[in-house]
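> Structure: target.txt, compact mmCIF, C-alpha atoms.
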```
# COMPACT_ATOMS: atom_id res chain seq x y z
CA MET A 1 15.62 -35.78 -2.27
CA GLU A 2 12.08 -34.94 -3.28
CA GLU A 3 11.94 -33.01 -6.52
CA PHE A 4 10.56 -29.54 -6.29
CA ASP A 5 7.45 -28.94 -8.41
CA PRO A 6 7.08 -25.22 -8.91
CA VAL A 7 3.71 -23.53 -9.05
CA ILE A 8 3.56 -20.95 -11.80
CA VAL A 9 0.74 -18.47 -12.15
CA ALA A 10 0.43 -17.40 -15.78
CA TYR A 11 -1.70 -14.37 -16.52
CA CYS A 12 -2.63 -14.93 -20.15
CA CYS A 13 -4.24 -12.39 -22.43
CA HIS A 14 -7.50 -13.63 -23.90
CA TYR A 15 -6.53 -12.45 -27.38
CA CYS A 16 -3.14 -14.15 -27.68
CA ALA A 17 -1.49 -16.31 -25.04
CA TYR A 18 -4.71 -17.85 -23.77
CA THR A 19 -5.71 -18.77 -27.31
CA ALA A 20 -2.18 -20.05 -27.90
CA ALA A 21 -2.55 -22.28 -24.83
CA ASP A 22 -5.88 -23.44 -26.23
CA MET A 23 -4.22 -24.21 -29.53
CA ALA A 24 -1.53 -26.18 -27.72
CA GLY A 25 -4.33 -28.24 -26.21
CA SER A 26 -5.95 -28.78 -29.60
CA MET A 27 -2.58 -29.90 -30.94
CA ARG A 28 -2.29 -32.36 -28.03
CA LEU A 29 0.87 -30.65 -26.85
CA GLY A 30 1.36 -31.17 -23.14
CA TYR A 31 2.83 -28.64 -20.73
CA PRO A 32 3.64 -28.99 -17.02
CA PRO A 33 0.62 -29.16 -14.69
CA GLY A 34 2.29 -26.62 -12.39
CA ILE A 35 1.36 -23.88 -14.85
CA LYS A 36 -1.84 -22.31 -13.55
CA ILE A 37 -3.40 -20.16 -16.23
CA ILE A 38 -5.53 -17.16 -15.38
CA ARG A 39 -7.26 -15.61 -18.36
CA VAL A 40 -7.28 -11.82 -18.42
CA PRO A 41 -8.90 -9.53 -21.00
CA CYS A 42 -5.52 -7.86 -21.61
CA THR A 43 -2.15 -7.95 -19.85
CA GLY A 44 -2.73 -4.24 -19.21
CA LYS A 45 -5.33 -5.46 -16.72
CA VAL A 46 -2.71 -7.27 -14.63
CA ASP A 47 -1.99 -5.11 -11.62
CA PRO A 48 1.37 -5.43 -9.85
CA LEU A 49 -0.63 -6.37 -6.78
CA HIS A 50 -1.99 -9.48 -8.53
CA VAL A 51 1.59 -10.63 -8.99
CA MET A 52 2.71 -9.75 -5.48
CA ARG A 53 -0.18 -11.55 -3.87
CA ALA A 54 0.33 -14.59 -6.08
CA LEU A 55 3.96 -14.82 -4.96
CA MET A 56 3.07 -14.25 -1.34
CA ASP A 57 0.34 -16.85 -1.35
CA GLY A 58 2.44 -19.67 -2.75
CA ALA A 59 3.33 -19.13 -6.40
CA ASP A 60 7.00 -19.76 -7.15
CA GLY A 61 6.92 -17.68 -10.32
CA VAL A 62 4.56 -15.48 -12.26
CA LEU A 63 4.42 -15.24 -16.02
CA ILE A 64 2.58 -12.44 -17.78
CA ALA A 65 1.85 -13.47 -21.36
CA GLY A 66 0.60 -10.79 -23.70
CA CYS A 67 0.36 -9.89 -27.35
CA LEU A 68 3.25 -9.07 -29.64
CA LYS A 69 4.24 -5.40 -29.75
CA GLY A 70 1.79 -3.49 -31.92
CA ASP A 71 -0.84 -6.22 -31.72
CA CYS A 72 -2.58 -5.30 -28.46
CA HIS A 73 -6.36 -5.40 -28.83
CA PHE A 74 -6.49 -2.38 -26.52
CA LYS A 75 -3.66 -0.51 -28.24
CA ASN A 76 -0.93 -0.55 -25.59
CA GLY A 77 -1.97 -2.80 -22.69
CA ASN A 78 0.97 -5.10 -23.37
CA ILE A 79 3.42 -2.17 -23.25
CA LYS A 80 1.95 -1.11 -19.91
CA ALA A 81 2.39 -4.67 -18.67
CA LEU A 82 6.05 -4.57 -19.76
CA LYS A 83 6.63 -1.44 -17.69
CA ARG A 84 4.83 -2.94 -14.71
CA THR A 85 6.96 -6.05 -14.99
CA ALA A 86 10.08 -3.90 -14.75
CA TYR A 87 8.54 -2.15 -11.72
CA LEU A 88 7.79 -5.52 -10.12
CA LYS A 89 11.35 -6.68 -10.67
CA GLN A 90 12.53 -3.67 -8.68
CA TRP A 91 10.22 -4.74 -5.85
CA MET A 92 11.62 -8.28 -6.06
CA ASP A 93 15.15 -6.92 -5.77
CA GLU A 94 14.17 -4.92 -2.70
CA ILE A 95 12.47 -7.87 -1.06
CA GLY A 96 15.45 -10.07 -1.84
CA ILE A 97 13.64 -12.48 -4.12
CA GLU A 98 15.09 -13.36 -7.51
CA SER A 99 13.60 -10.96 -10.04
CA GLU A 100 13.59 -13.78 -12.62
CA ARG A 101 10.52 -15.11 -10.85
CA VAL A 102 8.47 -12.52 -12.69
CA GLU A 103 8.68 -12.37 -16.46
CA MET A 104 6.67 -10.94 -19.32
CA VAL A 105 6.51 -12.76 -22.63
CA MET A 106 4.82 -11.85 -25.87
CA MET A 107 3.23 -14.10 -28.43
CA SER A 108 0.41 -14.35 -30.93
CA ALA A 109 -2.69 -16.53 -30.79
CA GLY A 110 -1.21 -18.90 -33.36
CA MET A 111 1.92 -19.72 -31.34
CA GLY A 112 0.70 -22.87 -29.60
CA LYS A 113 4.04 -24.67 -29.88
CA GLN A 114 5.94 -21.64 -28.71
CA PHE A 115 3.60 -21.27 -25.75
CA VAL A 116 4.49 -24.77 -24.56
CA ARG A 117 8.21 -24.10 -24.99
CA ILE A 118 8.08 -20.72 -23.22
CA VAL A 119 6.12 -21.90 -20.18
CA THR A 120 8.18 -25.08 -19.89
CA ASP A 121 11.45 -23.13 -20.04
CA PHE A 122 10.14 -20.66 -17.46
CA LEU A 123 9.10 -23.46 -15.13
CA ASP A 124 12.51 -25.12 -15.51
CA ASN A 125 14.20 -21.85 -14.58
CA ILE A 126 12.02 -21.51 -11.50
CA ARG A 127 12.77 -25.10 -10.52
CA LEU A 128 16.46 -24.19 -10.50
CA LEU A 129 15.75 -21.18 -8.28
CA GLY A 130 13.80 -23.25 -5.74
CA PRO A 131 10.65 -22.39 -3.77
CA CYS A 132 9.62 -18.78 -3.19
CA PRO A 133 10.30 -17.23 -0.78
CA LYS A 134 13.26 -19.37 0.11
CA ASN A 135 13.94 -20.60 3.62
CA THR A 136 10.28 -20.61 4.49
CA ASN A 137 8.95 -23.74 6.04
CA GLN A 138 6.09 -22.05 7.73
CA GLN A 139 2.58 -21.51 6.65
CA SER A 140 1.75 -18.44 4.67
CA ASN A 141 1.39 -15.44 6.95
CA ARG A 142 -2.05 -14.51 7.96
CA ILE A 143 -3.33 -11.39 6.35
CA LEU A 144 -5.86 -9.34 8.16
CA SER A 145 -7.37 -7.04 5.64
CA GLU A 146 -9.86 -4.43 6.46
CA LEU A 147 -10.31 -1.62 4.03
CA VAL A 148 -12.08 1.42 5.32
CA MET B 1 -1.56 17.81 -3.81
CA ILE B 2 1.08 16.81 -1.29
CA THR B 3 3.39 14.37 -3.04
CA ALA B 4 5.34 11.53 -1.49
CA GLU B 5 7.55 8.61 -2.40
CA ARG B 6 7.84 5.28 -0.69
CA LYS B 7 10.90 4.81 1.48
CA PRO B 8 13.32 2.00 0.61
CA LEU B 9 11.91 -1.33 1.77
CA ASP B 10 15.03 -2.03 3.86
CA GLU B 11 14.44 1.11 5.91
CA ILE B 12 10.78 0.27 6.58
CA ALA B 13 11.58 -3.36 7.36
CA SER B 14 14.31 -2.40 9.82
CA CYS B 15 11.88 -0.09 11.69
CA ILE B 16 9.39 -2.90 12.27
CA GLU B 17 11.98 -5.63 12.77
CA PRO B 18 11.21 -6.10 16.51
CA TYR B 19 7.45 -6.36 15.96
CA ASN B 20 5.16 -9.20 14.93
CA ARG B 21 1.89 -7.39 14.40
CA ILE B 22 1.63 -4.09 12.59
CA LEU B 23 -1.12 -1.80 11.45
CA LEU B 24 -0.38 -0.47 7.97
CA VAL B 25 -2.39 2.65 7.27
CA GLY B 26 -2.84 4.41 3.94
CA CYS B 27 -4.67 7.60 3.07
CA ASN B 28 -7.26 8.15 0.36
CA GLU B 29 -6.22 11.70 -0.43
CA CYS B 30 -3.01 13.13 -1.91
CA VAL B 31 -0.83 10.04 -1.51
CA THR B 32 -3.43 7.99 -3.35
CA VAL B 33 -3.35 10.40 -6.28
CA CYS B 34 0.45 10.34 -6.45
CA ALA B 35 0.42 6.54 -6.07
CA ALA B 36 2.56 6.53 -2.93
CA GLY B 37 0.26 5.56 -0.08
CA GLY B 38 -3.24 4.66 -1.20
CA ARG B 39 -5.09 1.39 -0.79
CA LYS B 40 -3.15 -0.31 -3.56
CA GLU B 41 0.21 0.80 -2.24
CA VAL B 42 -0.76 -0.40 1.23
CA ALA B 43 -1.50 -3.83 -0.20
CA MET B 44 1.79 -3.89 -2.13
CA LEU B 45 3.86 -2.87 0.89
CA SER B 46 2.00 -5.32 3.11
CA SER B 47 2.81 -8.18 0.74
CA ALA B 48 6.44 -7.08 0.46
CA LEU B 49 6.95 -6.79 4.23
CA GLN B 50 5.36 -10.17 4.78
CA MET B 51 7.61 -11.75 2.18
CA VAL B 52 10.67 -10.16 3.80
CA SER B 53 9.55 -11.61 7.10
CA MET B 54 8.86 -15.04 5.60
CA LYS B 55 12.36 -15.04 4.16
CA GLN B 56 13.68 -14.52 7.67
CA GLY B 57 11.56 -17.41 8.93
CA LYS B 58 9.33 -15.10 10.94
CA THR B 59 5.64 -14.38 10.91
CA LEU B 60 4.34 -10.89 10.43
CA SER B 61 0.66 -10.09 10.79
CA VAL B 62 -0.43 -7.00 8.95
CA VAL B 63 -3.73 -5.21 9.42
CA GLU B 64 -4.28 -3.11 6.32
CA MET B 65 -6.41 0.00 6.50
CA THR B 66 -6.82 3.04 4.33
CA LEU B 67 -8.42 6.10 5.86
CA GLU B 68 -10.39 8.70 3.98
CA ARG B 69 -7.99 11.31 5.35
CA GLN B 70 -5.22 10.63 7.79
CA CYS B 71 -4.82 14.29 8.72
CA ASP B 72 -8.30 14.50 10.26
CA PRO B 73 -8.88 13.24 13.81
CA GLU B 74 -12.39 12.04 12.90
CA TYR B 75 -10.98 9.44 10.53
CA VAL B 76 -7.93 8.57 12.61
CA GLU B 77 -10.26 7.70 15.46
CA SER B 78 -11.42 4.63 13.54
CA LEU B 79 -7.99 3.08 14.16
CA ALA B 80 -8.82 2.83 17.85
CA LEU B 81 -10.57 -0.50 17.23
CA HIS B 82 -7.34 -2.06 16.01
CA ILE B 83 -4.60 -0.28 17.89
CA ASP B 84 -4.57 -2.55 20.94
CA GLY B 85 -4.02 -5.61 18.79
CA VAL B 86 -0.84 -4.38 17.13
CA ASP B 87 2.74 -3.70 18.21
CA ALA B 88 3.40 -0.76 15.90
CA VAL B 89 1.83 1.40 13.21
CA VAL B 90 3.30 2.10 9.79
CA SER B 91 1.74 5.06 7.99
CA MET B 92 1.83 5.60 4.26
CA ALA B 93 0.37 9.10 4.49
CA CYS B 94 2.27 12.37 4.35
CA GLY B 95 3.94 13.68 7.50
CA CYS B 96 0.65 15.25 8.60
CA GLY B 97 -1.03 11.84 8.75
CA VAL B 98 1.86 10.20 10.57
CA GLN B 99 1.83 12.93 13.21
CA GLU B 100 -1.94 12.78 13.63
CA ILE B 101 -1.76 9.05 14.40
CA ALA B 102 1.17 9.59 16.76
CA ARG B 103 -0.74 12.35 18.53
CA ARG B 104 -3.90 10.28 18.97
CA PHE B 105 -2.23 7.01 19.94
CA GLY B 106 0.69 8.02 22.11
CA GLN B 107 1.23 4.52 23.49
CA VAL B 108 2.33 2.92 20.22
CA ARG B 109 5.30 3.53 17.92
CA VAL B 110 4.40 5.07 14.56
CA PHE B 111 6.76 4.83 11.58
CA PRO B 112 6.52 6.64 8.25
CA ALA B 113 6.67 4.49 5.12
CA VAL B 114 6.93 7.39 2.70
CA ASN B 115 9.05 10.50 2.35
CA THR B 116 6.82 13.54 1.94
CA LYS B 117 8.24 15.59 -0.92
CA PHE B 118 6.42 18.72 -2.07
CA MET B 119 3.17 20.36 -3.09
CA GLY B 120 2.90 19.66 -6.76
CA ALA B 121 0.82 18.96 -9.81
CA SER B 122 0.66 16.05 -12.19
CA GLU B 123 2.50 16.89 -15.42
CA ARG B 124 1.54 13.63 -17.11
CA ALA B 125 0.89 10.05 -16.04
CA GLY B 126 3.57 9.10 -13.52
CA VAL B 127 5.23 12.55 -13.34
CA TRP B 128 4.65 15.10 -10.58
CA ALA B 129 6.40 18.44 -10.31
CA GLU B 130 6.73 21.02 -7.58
CA ARG B 131 4.37 23.97 -7.97
CA CYS B 132 3.92 25.60 -4.56
CA GLN B 133 6.00 26.13 -1.43
CA GLY B 134 3.18 27.49 0.72
CA CYS B 135 4.94 30.82 1.22
CA GLY B 136 1.82 32.30 2.77
CA ASP B 137 1.71 35.37 0.53
CA CYS B 138 0.79 34.31 -2.99
CA LEU B 139 2.20 36.43 -5.81
CA LEU B 140 0.97 34.36 -8.76
CA GLY B 141 -1.15 37.32 -9.84
CA LEU B 142 2.05 39.28 -10.54
CA THR B 143 3.86 36.54 -12.39
CA GLY B 144 1.31 35.27 -14.87
CA GLY B 145 0.34 32.27 -12.79
CA ILE B 146 3.84 30.78 -12.60
CA CYS B 147 5.46 30.69 -9.19
CA PRO B 148 9.08 31.88 -8.99
CA ILE B 149 9.30 30.72 -5.37
CA ALA B 150 8.55 27.09 -6.16
CA ARG B 151 9.87 26.86 -9.69
CA CYS B 152 12.95 29.10 -9.79
CA SER B 153 15.97 27.31 -8.29
CA LYS B 154 17.07 30.56 -6.64
CA ARG B 155 13.57 31.71 -5.71
CA LEU B 156 14.32 35.00 -7.45
CA MET B 157 11.66 37.66 -7.23
CA ASN B 158 13.01 39.36 -10.34
CA GLY B 159 14.56 37.14 -12.98
CA PRO B 160 15.88 35.47 -14.90
CA CYS B 161 19.44 35.22 -13.67
CA GLY B 162 22.52 34.68 -15.80
CA GLY B 163 22.12 30.93 -15.52
CA SER B 164 19.09 30.83 -17.78
CA GLY B 165 19.75 29.49 -21.26
CA ASP B 166 17.40 28.33 -23.99
CA GLY B 167 14.56 28.42 -21.50
CA LYS B 168 16.30 26.02 -19.12
CA CYS B 169 17.86 26.46 -15.71
CA GLU B 170 21.59 26.04 -15.28
CA ILE B 171 21.12 23.35 -12.65
CA SER B 172 19.76 20.90 -15.23
CA GLY B 173 18.59 20.77 -18.80
CA GLU B 174 15.49 19.06 -17.44
CA VAL B 175 14.43 22.07 -15.39
CA ASP B 176 12.57 24.92 -17.03
CA CYS B 177 13.67 28.44 -16.13
CA ALA B 178 10.67 29.79 -14.22
CA TRP B 179 11.40 33.37 -15.25
CA HIS B 180 11.62 32.35 -18.90
CA LEU B 181 8.17 30.78 -18.50
CA ILE B 182 6.91 33.92 -16.78
CA TRP B 183 8.20 36.11 -19.60
CA GLU B 184 6.63 33.90 -22.26
CA ARG B 185 3.33 33.92 -20.36
CA MET B 186 3.44 37.71 -20.02
CA LYS B 187 4.01 38.04 -23.75
CA ALA B 188 1.08 35.72 -24.44
CA LEU B 189 -1.09 37.79 -22.12
CA GLY B 190 0.10 41.07 -23.65
CA ILE B 191 1.35 42.39 -20.34
CA GLU B 192 5.10 42.62 -21.07
CA ASP B 193 5.12 46.10 -19.51
CA ARG B 194 4.43 44.47 -16.12
CA TYR B 195 7.79 42.75 -16.41
CA GLU B 196 9.49 46.10 -15.93
CA GLU B 197 7.94 46.49 -12.50
CA VAL B 198 10.40 45.43 -9.84
CA ILE B 199 8.89 43.11 -7.28
CA SER B 200 10.04 44.11 -3.83
CA ALA B 201 11.95 41.83 -1.49
CA LYS B 202 9.70 39.14 -0.10
CA ASP B 203 8.54 39.13 3.49
CA TRP B 204 9.19 35.56 4.57
CA ARG B 205 7.39 35.84 7.89
CA PRO B 206 4.13 34.41 6.50
CA ALA B 207 6.21 31.54 5.11
CA ARG B 208 8.24 29.52 7.59
CA GLY B 209 10.17 32.53 8.90
CA GLY B 210 7.65 33.16 11.64
CA GLY B 211 7.78 29.63 13.04
CA PRO B 212 5.11 26.91 12.74
CA ARG B 213 1.95 28.29 11.18
CA LYS B 214 -1.68 27.90 12.09
CA ILE B 215 -4.99 28.97 10.58
CA ILE B 216 -7.78 29.80 13.01
CA ARG B 217 -11.34 30.29 11.80
CA GLU B 218 -13.58 31.37 14.64
CA ASP B 219 -16.69 30.99 12.47
CA LEU B 220 -16.03 27.29 12.06
CA GLN B 221 -15.38 26.46 15.67
```
How does the structure come out when it is put into structure tokens?


Amino acid sequence: MEEFDPVIVAYCCHYCAYTAADMAGSMRLGYPPGIKIIRVPCTGKVDPLHVMRALMDGADGVLIAGCLKGDCHFKNGNIKALKRTAYLKQWMDEIGIESERVEMVMMSAGMGKQFVRIVTDFLDNIRLLGPCPKNTNQQSNRILSELV
Amino acid sequence: MITAERKPLDEIASCIEPYNRILLVGCNECVTVCAAGGRKEVAMLSSALQMVSMKQGKTLSVVEMTLERQCDPEYVESLALHIDGVDAVVSMACGCGVQEIARRFGQVRVFPAVNTKFMGASERAGVWAERCQGCGDCLLGLTGGICPIARCSKRLMNGPCGGSGDGKCEISGEVDCAWHLIWERMKALGIEDRYEEVISAKDWRPARGGGPRKIIREDLQ
């Protein structure tokens, strides 16, 4: 059986997790290629819609990686992201998708090693869950968007 | 504003279960402010419904639109371009918007995606509270700007009742006693003597007692 390679979208705060990922690179620490990093100015900038659309359009899991509590460059963006993650998990439950597919983690810019461990563990968990949404062997639904 | 809350996803999904193409319509007014049915909520619900459908191995096409106001026929008319291409409409506006779409496009099923709750104000980020019941005969001038109809659990015209304690209503420690608030406001305004005046029994005909209401302005027609 072909092994499932999950696609993970990781929204990483510029001031911590993104720099930690950079540090991991400088330290020549590898992490799975399925982790797709999107740099954001703060995790408070990550809208629940960004996560929903990522999952709908093919991501198997979404990680939101922000600063440690009390360290947010914008005071409380990471706390807002925590609350939004909880809100998103409620949506996941309603949709019938495992809420573990969306997680928030916190780290500092110096935690390159920890970054690799966290994203690898998350990807392993998603691999156990399987593709998202399950049972779909069709192409992603067509979205017709017209905002008036 | 008119406040609303999204219906459970199961309920919305079951309404549109027979259909493959839906028009999901939000409103830029009240439901946007109370984060129930604006452009962002339309996009969230669209994604969720599509994921539910994908899980069932089906394909759901969603046309997302958000009107400036769903309770005005001028704006609702813009849906005419899309209505023939869909099997059903799901509205995220208050009940007024849902009914306006249903009135204009009688040939297509229209489903509400939110429960319209009350006329309220924002107390702080993410919290809305009831402030007005549209009784049609405003008495806020008598009560220091605090409405006993909307904010007293018993809608007492002369209060408080025996259930008031420590400024809270007996129904819940979370609910302020409206008449306690009125008294405190009257003291702050130096008009405690007005409290002695008995407010007469309310005429409910201008409220809902006289049947569905209508405002007609000849000068605007």

> Just want the 10 Å neighbourhood of region 121-134 of chain A, counted on only C-alpha atoms, with same-chain residues fewer than 4 positions away dropped. Output as an NGL selection string.

(:A and (3-8 or 31-32 or 34-35 or 55-63 or 95-98 or 100-103 or 115-117)) or (:B and (51-57))

> Define the interface residues of chain B facing chain A as those within 7 Å, counting all atoms listed in the file, and report them as a compact mmCIF listing (two decimals) with C-alpha atoms, keeping the file's coordinate frame.


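What landed in out_11.txt:
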```
# COMPACT_ATOMS: atom_id res chain seq x y z
CA LEU B 9 11.91 -1.33 1.77
CA MET B 44 1.79 -3.89 -2.13
CA SER B 47 2.81 -8.18 0.74
CA ALA B 48 6.44 -7.08 0.46
CA GLN B 50 5.36 -10.17 4.78
CA MET B 51 7.61 -11.75 2.18
CA VAL B 52 10.67 -10.16 3.80
CA MET B 54 8.86 -15.04 5.60
CA LYS B 55 12.36 -15.04 4.16
CA GLY B 57 11.56 -17.41 8.93
CA THR B 59 5.64 -14.38 10.91
CA LEU B 60 4.34 -10.89 10.43
CA SER B 61 0.66 -10.09 10.79
CA VAL B 62 -0.43 -7.00 8.95
CA VAL B 63 -3.73 -5.21 9.42
CA GLU B 64 -4.28 -3.11 6.32
CA MET B 65 -6.41 0.00 6.50
CA THR B 66 -6.82 3.04 4.33
CA LEU B 67 -8.42 6.10 5.86
```

> So that I can check the surroundings of His73 (chain A), please list as a PyMOL selection string every protein, DNA and RNA residue that reaches within 12 Å of it, counting all atoms listed in the file and ignoring chain neighbours fewer than 4 positions away.

chain A and resi 13-16+41-44+66-69+77-79+108-109

> Quote the spacing between CA of Glu17 (chain B) and CA of Glu77 (chain B) in Å to one decimal place.

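Taking CA of Glu17 (chain B) as the start and CA of Glu77 (chain B) as the end point, the length is 26.1 Å.
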
> List every protein, DNA or RNA residue that has an atom no more than 12 Å from (9.6, 33.1, -9.8) in the file's coordinate frame, counting only C-alpha atoms, and report them as a ChimeraX atom specification.

/B:131-133,138-161,176-183,195,199,202

> Could you name the residues that touch Ser26 (chain A) at 10 Å or less, counting all atoms listed in the file, but leaving out those on the same chain fewer than 5 positions away, as a VMD selection string?

chain A and resid 20 to 21 112

> Just the residues within 12 Å of Trp128 (chain B), please, counting only C-alpha atoms, with nothing from its chain fewer than 3 positions along; format it as a ChimeraX atom specification.

/B:1-5,30-31,33-36,117-125,131

> Using all atoms listed in the file, which residue out of B:Pro73, B:Gly134, B:Gly38, B:Gly173 lies closest to Ala207 (chain B)?

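Checking each of B:Pro73, B:Gly134, B:Gly38, B:Gly173 against Ala207 (chain B), counting all atoms listed in the file, the winner is B:Gly134.
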
> Which protein, DNA or RNA residues are at most 7 Å from (8.3, -16.6, -27.9) in the file's coordinates when you count all atoms listed in the file, listed as a PyMOL selection string?

chain A and resi 105-107+114-115+118
